[in-house]
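This is final.json. It holds JSON, C-alpha atoms.
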```json
[["chain", "number", "residue", "atom", "x", "y", "z"],
["A", 1, "MET", "CA", -94.54, 249.41, 106.79],
["A", 2, "ALA", "CA", -92.91, 250.32, 110.10],
["A", 3, "GLU", "CA", -91.80, 246.71, 110.56],
["A", 4, "VAL", "CA", -90.08, 246.72, 107.14],
["A", 5, "GLU", "CA", -88.25, 249.96, 107.95],
["A", 6, "ILE", "CA", -86.98, 248.50, 111.24],
["A", 7, "LYS", "CA", -85.63, 245.44, 109.45],
["A", 8, "GLN", "CA", -83.82, 247.61, 106.92],
["A", 9, "GLU", "CA", -82.26, 249.70, 109.68],
["A", 10, "ASN", "CA", -81.01, 246.54, 111.39],
["A", 11, "MET", "CA", -79.63, 244.97, 108.22],
["A", 12, "VAL", "CA", -75.88, 244.45, 108.51],
["A", 13, "TYR", "CA", -75.29, 242.23, 105.50],
["A", 14, "SER", "CA", -76.89, 241.60, 102.12],
["A", 15, "ARG", "CA", -75.96, 240.20, 98.75],
["A", 16, "PRO", "CA", -73.95, 242.71, 96.69],
["A", 17, "ARG", "CA", -76.19, 244.63, 94.31],
["A", 18, "LEU", "CA", -74.05, 243.79, 91.27],
["A", 19, "ILE", "CA", -74.12, 240.03, 91.85],
["A", 20, "THR", "CA", -76.67, 238.54, 89.47],
["A", 21, "ASP", "CA", -79.33, 235.92, 90.19],
["A", 22, "ASP", "CA", -77.44, 233.24, 88.22],
["A", 23, "VAL", "CA", -76.51, 230.22, 90.32],
["A", 24, "MET", "CA", -72.71, 230.02, 90.46],
["A", 25, "HIS", "CA", -71.14, 226.88, 89.05],
["A", 26, "TYR", "CA", -68.22, 226.84, 91.49],
["A", 27, "CYS", "CA", -67.67, 223.83, 93.76],
["A", 28, "PRO", "CA", -68.55, 224.07, 97.48],
["A", 29, "GLY", "CA", -65.72, 225.73, 99.37],
["A", 30, "CYS", "CA", -64.24, 227.37, 96.28],
["A", 31, "SER", "CA", -62.70, 230.81, 96.82],
["A", 32, "HIS", "CA", -63.98, 232.25, 93.53],
["A", 33, "GLY", "CA", -67.43, 233.12, 94.84],
["A", 34, "THR", "CA", -66.05, 235.14, 97.75],
["A", 35, "VAL", "CA", -63.69, 237.08, 95.48],
["A", 36, "HIS", "CA", -66.56, 237.76, 93.05],
["A", 37, "LYS", "CA", -68.52, 239.21, 95.97],
["A", 38, "LEU", "CA", -65.67, 241.51, 96.96],
["A", 39, "ILE", "CA", -65.15, 242.77, 93.41],
["A", 40, "ALA", "CA", -68.87, 243.49, 93.05],
["A", 41, "GLU", "CA", -68.97, 245.32, 96.39],
["A", 42, "VAL", "CA", -65.97, 247.51, 95.61],
["A", 43, "ILE", "CA", -67.20, 248.43, 92.13],
["A", 44, "ASP", "CA", -70.59, 249.36, 93.59],
["A", 45, "GLU", "CA", -69.14, 251.33, 96.51],
["A", 46, "MET", "CA", -66.86, 253.28, 94.16],
["A", 47, "GLY", "CA", -69.79, 254.07, 91.84],
["A", 48, "LEU", "CA", -68.09, 252.38, 88.88],
["A", 49, "GLU", "CA", -70.93, 250.13, 87.71],
["A", 50, "GLY", "CA", -71.15, 251.87, 84.32],
["A", 51, "ASP", "CA", -67.43, 252.57, 84.07],
["A", 52, "THR", "CA", -65.93, 249.09, 84.44],
["A", 53, "ILE", "CA", -64.71, 246.75, 81.73],
["A", 54, "ALA", "CA", -63.77, 243.28, 82.96],
["A", 55, "VAL", "CA", -62.00, 240.54, 81.02],
["A", 56, "SER", "CA", -62.74, 236.91, 81.89],
["A", 57, "PRO", "CA", -60.39, 234.03, 81.10],
["A", 58, "VAL", "CA", -60.41, 230.40, 80.16],
["A", 59, "GLY", "CA", -60.50, 228.35, 83.36],
["A", 60, "CYS", "CA", -62.83, 227.90, 86.31],
["A", 61, "ALA", "CA", -63.87, 231.57, 86.10],
["A", 62, "VAL", "CA", -64.77, 231.35, 82.42],
["A", 63, "PHE", "CA", -68.38, 232.30, 83.28],
["A", 64, "ALA", "CA", -67.48, 235.21, 85.55],
["A", 65, "TYR", "CA", -69.42, 237.48, 83.19],
["A", 66, "LYS", "CA", -72.62, 235.75, 84.30],
["A", 67, "TYR", "CA", -72.19, 236.71, 87.94],
["A", 68, "ILE", "CA", -71.02, 240.34, 88.15],
["A", 69, "ASP", "CA", -73.22, 242.84, 86.34],
["A", 70, "VAL", "CA", -70.66, 244.98, 84.51],
["A", 71, "ASP", "CA", -69.41, 244.99, 80.92],
["A", 72, "TRP", "CA", -67.30, 241.92, 80.16],
["A", 73, "ILE", "CA", -65.05, 240.73, 77.35],
["A", 74, "GLU", "CA", -64.20, 237.05, 76.96],
["A", 75, "ALA", "CA", -60.50, 236.52, 76.16],
["A", 76, "ALA", "CA", -58.71, 233.57, 74.61],
["A", 77, "HIS", "CA", -56.72, 231.40, 77.01],
["A", 78, "GLY", "CA", -53.99, 233.50, 78.66],
["A", 79, "ARG", "CA", -54.65, 236.61, 76.60],
["A", 80, "ALA", "CA", -56.66, 238.62, 79.14],
["A", 81, "CYS", "CA", -54.00, 241.28, 79.73],
["A", 82, "ALA", "CA", -53.57, 241.82, 75.99],
["A", 83, "VAL", "CA", -57.31, 242.30, 75.59],
["A", 84, "ALA", "CA", -57.44, 244.54, 78.68],
["A", 85, "THR", "CA", -54.60, 246.66, 77.29],
["A", 86, "ALA", "CA", -56.64, 247.39, 74.17],
["A", 87, "ALA", "CA", -59.77, 248.13, 76.20],
["A", 88, "LYS", "CA", -57.94, 250.55, 78.50],
["A", 89, "ARG", "CA", -56.20, 252.38, 75.68],
["A", 90, "LEU", "CA", -59.50, 252.78, 73.86],
["A", 91, "HIS", "CA", -61.33, 253.80, 77.06],
["A", 92, "PRO", "CA", -58.66, 255.39, 79.29],
["A", 93, "LYS", "CA", -61.15, 256.67, 81.87],
["A", 94, "LYS", "CA", -62.68, 253.25, 82.51],
["A", 95, "LEU", "CA", -61.65, 250.80, 85.23],
["A", 96, "VAL", "CA", -60.30, 247.80, 83.31],
["A", 97, "ILE", "CA", -59.68, 244.54, 85.18],
["A", 98, "THR", "CA", -58.73, 240.98, 84.32],
["A", 99, "TYR", "CA", -59.77, 237.98, 86.39],
["A", 100, "GLN", "CA", -57.42, 235.01, 85.94],
["A", 101, "GLY", "CA", -56.38, 231.74, 87.55],
["A", 102, "ASP", "CA", -52.89, 230.29, 87.89],
["A", 103, "GLY", "CA", -53.32, 228.00, 84.89],
["A", 104, "ASP", "CA", -54.37, 230.95, 82.75],
["A", 105, "LEU", "CA", -52.00, 233.64, 84.05],
["A", 106, "SER", "CA", -48.89, 231.82, 85.20],
["A", 107, "ALA", "CA", -48.72, 229.34, 82.30],
["A", 108, "ILE", "CA", -50.06, 230.21, 78.87],
["A", 109, "GLY", "CA", -50.60, 233.87, 79.79],
["A", 110, "THR", "CA", -47.25, 234.64, 81.43],
["A", 111, "GLY", "CA", -45.92, 236.60, 78.45],
["A", 112, "GLU", "CA", -48.99, 238.82, 78.07],
["A", 113, "THR", "CA", -49.11, 239.51, 81.79],
["A", 114, "ILE", "CA", -45.44, 240.34, 82.24],
["A", 115, "HIS", "CA", -45.31, 242.66, 79.24],
["A", 116, "ALA", "CA", -48.51, 244.48, 80.26],
["A", 117, "ALA", "CA", -46.90, 245.08, 83.65],
["A", 118, "ALA", "CA", -43.58, 246.10, 82.10],
["A", 119, "ARG", "CA", -45.37, 248.68, 79.95],
["A", 120, "GLY", "CA", -47.15, 250.04, 83.02],
["A", 121, "GLU", "CA", -50.61, 249.47, 81.57],
["A", 122, "ASN", "CA", -53.22, 251.02, 83.86],
["A", 123, "ILE", "CA", -55.13, 247.80, 84.39],
["A", 124, "VAL", "CA", -55.79, 245.57, 87.41],
["A", 125, "THR", "CA", -55.32, 241.81, 87.43],
["A", 126, "ILE", "CA", -57.13, 239.70, 90.02],
["A", 127, "PHE", "CA", -55.10, 236.50, 90.16],
["A", 128, "ILE", "CA", -56.61, 233.41, 91.80],
["A", 129, "ASN", "CA", -53.80, 231.04, 92.80],
["A", 130, "ASN", "CA", -54.98, 227.62, 93.95],
["A", 131, "ALA", "CA", -51.87, 225.84, 92.63],
["A", 132, "ILE", "CA", -53.78, 223.52, 90.32],
["A", 133, "TYR", "CA", -55.71, 223.38, 87.05],
["A", 134, "GLY", "CA", -59.18, 223.19, 88.55],
["A", 135, "MET", "CA", -61.40, 223.16, 85.46],
["A", 136, "THR", "CA", -59.59, 220.57, 83.34],
["A", 137, "GLY", "CA", -59.09, 217.79, 85.86],
["A", 138, "GLY", "CA", -56.63, 218.87, 88.53],
["A", 139, "GLN", "CA", -53.32, 218.84, 86.66],
["A", 140, "MET", "CA", -50.13, 220.48, 87.93],
["A", 141, "SER", "CA", -49.83, 224.22, 87.30],
["A", 142, "PRO", "CA", -46.71, 226.42, 87.46],
["A", 143, "THR", "CA", -47.62, 227.36, 91.06],
["A", 144, "THR", "CA", -48.13, 223.77, 92.28],
["A", 145, "LEU", "CA", -46.03, 223.18, 95.39],
["A", 146, "LEU", "CA", -43.16, 220.70, 95.56],
["A", 147, "GLY", "CA", -44.48, 217.35, 96.76],
["A", 148, "MET", "CA", -48.07, 218.33, 95.94],
["A", 149, "LYS", "CA", -50.08, 215.55, 94.33],
["A", 150, "THR", "CA", -52.11, 216.37, 91.22],
["A", 151, "ALA", "CA", -53.53, 214.42, 88.29],
["A", 152, "THR", "CA", -50.21, 214.78, 86.45],
["A", 153, "THR", "CA", -47.97, 214.47, 89.54],
["A", 154, "PRO", "CA", -49.59, 211.53, 91.36],
["A", 155, "ASN", "CA", -46.46, 211.01, 93.46],
["A", 156, "GLY", "CA", -46.04, 214.71, 94.18],
["A", 157, "ARG", "CA", -44.31, 217.46, 92.24],
["A", 158, "ASP", "CA", -40.65, 216.59, 91.79],
["A", 159, "ALA", "CA", -38.26, 219.47, 91.11],
["A", 160, "ALA", "CA", -35.92, 217.28, 89.05],
["A", 161, "LEU", "CA", -38.76, 216.26, 86.76],
["A", 162, "ASN", "CA", -41.26, 219.12, 86.96],
["A", 163, "GLY", "CA", -39.18, 222.12, 87.95],
["A", 164, "PHE", "CA", -39.87, 224.50, 90.81],
["A", 165, "PRO", "CA", -43.04, 226.53, 91.49],
["A", 166, "TYR", "CA", -42.61, 230.23, 90.96],
["A", 167, "LYS", "CA", -44.07, 233.26, 92.66],
["A", 168, "ILE", "CA", -45.69, 235.59, 90.14],
["A", 169, "GLY", "CA", -45.85, 238.57, 92.51],
["A", 170, "GLU", "CA", -42.19, 238.49, 93.47],
["A", 171, "MET", "CA", -41.19, 237.78, 89.90],
["A", 172, "MET", "CA", -43.02, 240.88, 88.64],
["A", 173, "ALA", "CA", -42.01, 243.19, 91.48],
["A", 174, "HIS", "CA", -38.82, 244.31, 89.69],
["A", 175, "LEU", "CA", -40.83, 245.70, 86.75],
["A", 176, "ASP", "CA", -41.03, 249.50, 86.90],
["A", 177, "GLY", "CA", -44.51, 249.52, 85.36],
["A", 178, "ALA", "CA", -45.95, 247.31, 88.11],
["A", 179, "THR", "CA", -46.60, 249.64, 91.04],
["A", 180, "TYR", "CA", -49.02, 247.76, 93.31],
["A", 181, "ILE", "CA", -48.55, 244.03, 93.90],
["A", 182, "THR", "CA", -50.20, 242.31, 96.84],
["A", 183, "ARG", "CA", -51.01, 238.78, 97.95],
["A", 184, "GLN", "CA", -54.17, 238.10, 99.95],
["A", 185, "SER", "CA", -56.57, 235.28, 100.84],
["A", 186, "VAL", "CA", -60.25, 234.90, 101.73],
["A", 187, "HIS", "CA", -60.21, 231.90, 104.05],
["A", 188, "THR", "CA", -61.14, 233.83, 107.23],
["A", 189, "PRO", "CA", -63.37, 236.88, 107.86],
["A", 190, "ALA", "CA", -60.31, 238.99, 108.71],
["A", 191, "ASN", "CA", -58.59, 237.99, 105.48],
["A", 192, "VAL", "CA", -61.75, 238.72, 103.50],
["A", 193, "ARG", "CA", -61.70, 242.28, 104.83],
["A", 194, "LYS", "CA", -58.01, 242.69, 104.01],
["A", 195, "CYS", "CA", -58.57, 241.34, 100.51],
["A", 196, "LYS", "CA", -61.40, 243.80, 99.91],
["A", 197, "LYS", "CA", -59.17, 246.71, 100.95],
["A", 198, "ALA", "CA", -56.45, 245.46, 98.60],
["A", 199, "ILE", "CA", -58.88, 245.24, 95.68],
["A", 200, "ARG", "CA", -60.07, 248.78, 96.29],
["A", 201, "LYS", "CA", -56.49, 250.04, 96.56],
["A", 202, "ALA", "CA", -55.66, 248.37, 93.25],
["A", 203, "PHE", "CA", -58.70, 249.95, 91.57],
["A", 204, "GLU", "CA", -57.77, 253.38, 92.92],
["A", 205, "ASN", "CA", -54.17, 252.91, 91.79],
["A", 206, "SER", "CA", -55.31, 252.10, 88.27],
["A", 207, "LEU", "CA", -57.76, 254.99, 88.03],
["A", 208, "ALA", "CA", -55.01, 257.35, 89.21],
["A", 209, "GLY", "CA", -52.95, 256.32, 86.18],
["A", 210, "ASN", "CA", -50.24, 254.78, 88.33],
["A", 211, "GLY", "CA", -49.51, 251.71, 86.23],
["A", 212, "TYR", "CA", -50.22, 248.02, 86.59],
["A", 213, "SER", "CA", -51.74, 246.43, 89.70],
["A", 214, "LEU", "CA", -51.83, 242.75, 90.66],
["A", 215, "VAL", "CA", -53.97, 241.32, 93.46],
["A", 216, "GLU", "CA", -53.04, 237.68, 93.97],
["A", 217, "VAL", "CA", -55.48, 235.67, 96.07],
["A", 218, "VAL", "CA", -54.13, 232.42, 97.50],
["A", 219, "ALA", "CA", -57.16, 230.19, 97.13],
["A", 220, "THR", "CA", -58.50, 226.70, 97.75],
["A", 221, "CYS", "CA", -59.64, 224.07, 95.28],
["A", 222, "SER", "CA", -61.53, 221.47, 97.29],
["A", 223, "SER", "CA", -62.32, 219.32, 94.26],
["A", 224, "GLY", "CA", -58.84, 219.41, 92.76],
["A", 225, "TRP", "CA", -57.16, 218.88, 96.12],
["A", 226, "LYS", "CA", -59.60, 216.07, 97.00],
["A", 227, "LEU", "CA", -60.39, 217.68, 100.36],
["A", 228, "SER", "CA", -63.47, 218.97, 102.15],
["A", 229, "PRO", "CA", -63.82, 222.78, 102.27],
["A", 230, "VAL", "CA", -62.75, 222.84, 105.92],
["A", 231, "ALA", "CA", -59.78, 220.56, 105.29],
["A", 232, "ALA", "CA", -58.81, 222.58, 102.21],
["A", 233, "ASN", "CA", -58.60, 225.78, 104.27],
["A", 234, "LYS", "CA", -56.42, 223.99, 106.82],
["A", 235, "TRP", "CA", -54.17, 222.54, 104.11],
["A", 236, "MET", "CA", -53.80, 225.97, 102.53],
["A", 237, "GLU", "CA", -52.78, 227.53, 105.84],
["A", 238, "GLU", "CA", -50.24, 224.81, 106.55],
["A", 239, "ASN", "CA", -48.78, 224.43, 103.05],
["A", 240, "MET", "CA", -49.67, 227.25, 100.66],
["A", 241, "LEU", "CA", -49.23, 230.27, 102.91],
["A", 242, "PRO", "CA", -45.67, 229.45, 104.03],
["A", 243, "HIS", "CA", -44.64, 229.36, 100.36],
["A", 244, "TYR", "CA", -46.91, 232.23, 99.26],
["A", 245, "PRO", "CA", -46.83, 234.62, 102.25],
["A", 246, "LEU", "CA", -49.63, 237.18, 102.45],
["A", 247, "GLY", "CA", -49.20, 240.93, 102.37],
["A", 248, "ASP", "CA", -48.12, 243.77, 100.08],
["A", 249, "ILE", "CA", -45.15, 242.89, 97.89],
["A", 250, "LYS", "CA", -44.75, 246.28, 96.20],
["A", 251, "CYS", "CA", -46.36, 249.68, 96.51],
["A", 252, "SER", "CA", -44.68, 252.44, 94.52],
["A", 253, "GLU", "CA", -45.09, 255.23, 91.97],
["A", 254, "LEU", "CA", -44.36, 255.05, 88.27],
["A", 255, "PRO", "CA", -40.86, 256.31, 87.47],
["A", 256, "LYS", "CA", -40.80, 259.89, 86.24]]
```

Do you think you could lay out the structure here as structure tokens?
Amino acid sequence: MAEVEIKQENMVYSRPRLITDDVMHYCPGCSHGTVHKLIAEVIDEMGLEGDTIAVSPVGCAVFAYKYIDVDWIEAAHGRACAVATAAKRLHPKKLVITYQGDGDLSAIGTGETIHAAARGENIVTIFINNAIYGMTGGQMSPTTLLGMKTATTPNGRDAALNGFPYKIGEMMAHLDGATYITRQSVHTPANVRKCKKAIRKAFENSLAGNGYSLVEVVATCSSGWKLSPVAANKWMEENMLPHYPLGDIKCSELPK
């Protein structure tokens, strides 16, 4: 018994309590698992296990409800913010979050997301931006970089043919109802810690009734990028982060 107590005292890391026993389906090196861990940790630390409603999307994170033990609603493709709006208005004291990728949020779901932010809905969106459609075969997404090769841009994204990538965070920053917008990553231990702080700040902002919060996580997609996990992190640092710089984009109060 004494030996067990000593081990518990010396424990510095363990699996988050709200992460289930289900084996995650994500590819090796994928950022989704790390972000799931952070969300679960923050919800647990804030004592919100029974007061959280999460909305999962269509995309790689379609099974997010299997991995974090809170109440989930499955939304149609791109409609997570619309569903979350209803959930929050029906349960105003709950923490309501959406978890969406760039194919879901920045393409088919752009309208729902922008208007939820414009209305100042007290919800939080966790936005995973890996600049590619990971689940459906690696096609170009709205956030795919110029010159980036995908299944539908085998010679690289060409602005004349495919248009330019756009930055969701900066695009939404002018909306009065969006009060906390930040861009983070989880590719190093230091960035993981920063991302966790940003997620908690977003949750606190929402619970305070201070409007819409967006936490964008610049992420890797080893399978879609056709790179090893280590190489994917390096490619992200050299190519993604210059175009999608990390840090807070907006931190404000709702207009009176």

Spatial neighbours of Glu112 of chain A, max dist 7 Å, all atoms listed in the file, sep filter under 6 positions, as a tab-separated table (two decimals) with C-alpha atoms, keeping the file's coordinate frame:
```tsv
chain	number	residue	atom	x	y	z
A	79	ARG	CA	-54.65	236.61	76.60
A	81	CYS	CA	-54.00	241.28	79.73
A	82	ALA	CA	-53.57	241.82	75.99
```

Handout entry: Best match for closeness to Leu214 of chain A among A:Lys66, A:Arg15, A:Lys250, A:Arg119, counting all atoms listed in the file
Key = A:Lys250

Completion exercise
If you count only C-alpha atoms, the residue of A:Ser14, A:Thr150, A:Ser213, A:Ser228 closest to Met172 of chain A turns out to be A:Ser213

Handout entry: Residue nearest Glu237 of chain A among A:Val186, A:Phe203, A:Ala198, A:Ile249 (counting only C-alpha atoms)
Key = A:Val186

Exercise for the section: Please provide as a ChimeraX atom specification all residues within 10 Å of Lys88 of chain A, with the sequence filter that same-chain residues fewer than 4 positions apart are discarded (counting all atoms listed in the file). Expected result: /A:53,83-84,92-97,121-123

Handout entry: One-decimal distance in Å that lies between atom CA of Arg157 of chain A and atom CA of Met140 of chain A
Key = 7.8 Å

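Using all atoms listed in the file, the smallest distance between any of A:Ala178, A:Met135, A:Cys27, A:Leu241 and Pro229 of chain A comes from A:Cys27.
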
Exercise for the section: Calculate how many Å separate atom CA of Arg200 of chain A from atom CA of His77 of chain A, rounding to one decimal. Expected result: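 Between atom CA of Arg200 of chain A and atom CA of His77 of chain A the gap is 26.2 Å.
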
Problem - Coordinates-based distance that separates atom CA of Ala219 of chain A from atom CA of Arg17 of chain A (Å, one decimal) - result: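 The value is 24.1 Å.
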
Practice task
Go through A:Tyr244, A:Tyr26, A:Trp72, A:Phe63 one by one, measure the shortest atom-to-atom distance of each to Asp51 of chain A using all atoms listed in the file, and give the residue with the smallest value.
Solution key: A:Trp72

Exercise for the section: Please determine the residues with any atom at most 10 Å from (-60.1, 222.5, 84.9) (coordinates as given in the file, with all atoms listed in the file counting) and report them as a ChimeraX atom specification. Expected result: /A:58-61,103,132-139,224

Export of the given selection (C-alpha atoms) as a compact mmCIF listing (two decimals), in the frame of the given file:
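out06.txt, written as the output of this step:
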```
# COMPACT_ATOMS: atom_id res chain seq x y z
CA VAL A 58 -60.41 230.40 80.16
CA GLY A 59 -60.50 228.35 83.36
CA CYS A 60 -62.83 227.90 86.31
CA ALA A 61 -63.87 231.57 86.10
CA GLY A 103 -53.32 228.00 84.89
CA ILE A 132 -53.78 223.52 90.32
CA TYR A 133 -55.71 223.38 87.05
CA GLY A 134 -59.18 223.19 88.55
CA MET A 135 -61.40 223.16 85.46
CA THR A 136 -59.59 220.57 83.34
CA GLY A 137 -59.09 217.79 85.86
CA GLY A 138 -56.63 218.87 88.53
CA GLN A 139 -53.32 218.84 86.66
CA GLY A 224 -58.84 219.41 92.76
```

Centre and edge lengths of an axis-aligned box around all listed atoms of segment 203-217 of chain A, with 3 Å added on each side, are to be given in Å to one decimal, as AutoDock Vina command-line options.
```
--center_x -54.1 --center_y 246.5 --center_z 91.1 --size_x 15.2 --size_y 27.7 --size_z 15.9
```

Handout entry: Contacts of Tyr180 of chain A within 9 Å, all atoms listed in the file, excl. fewer than 5 positions in-chain, as a list in words
Key =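 Returned residues: Ala173, Lys201, Ala202, Asn205, Asn210, Gly211, Tyr212, Ser213, Leu214, Val215, Asp248, Ile249, Lys250, Cys251, Ser252 and Glu253 of chain A.
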
Practice task
Between A:Thr220, A:Thr125, A:Ser106, A:Ser31, single out the one closest to Ile168 of chain A, counting all atoms listed in the file.
Solution key: A:Ser106

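Excluding Pro242 of chain A itself and any same-chain residue fewer than 5 positions from it, the protein and nucleic acid residues within 12 Å of it, counting all atoms listed in the file, are Leu145, Val218, Trp235, Met236 and Glu237 of chain A.
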
Practice task
Show which residues sit within 12 Å of Asn191 of chain A, as an MDAnalysis selection string. Count only C-alpha atoms, and ignore same-chain residues fewer than 3 positions away.
Solution key: chainID A and resid 31 34:35 38 183:188 194:198 217:219 237 246:247
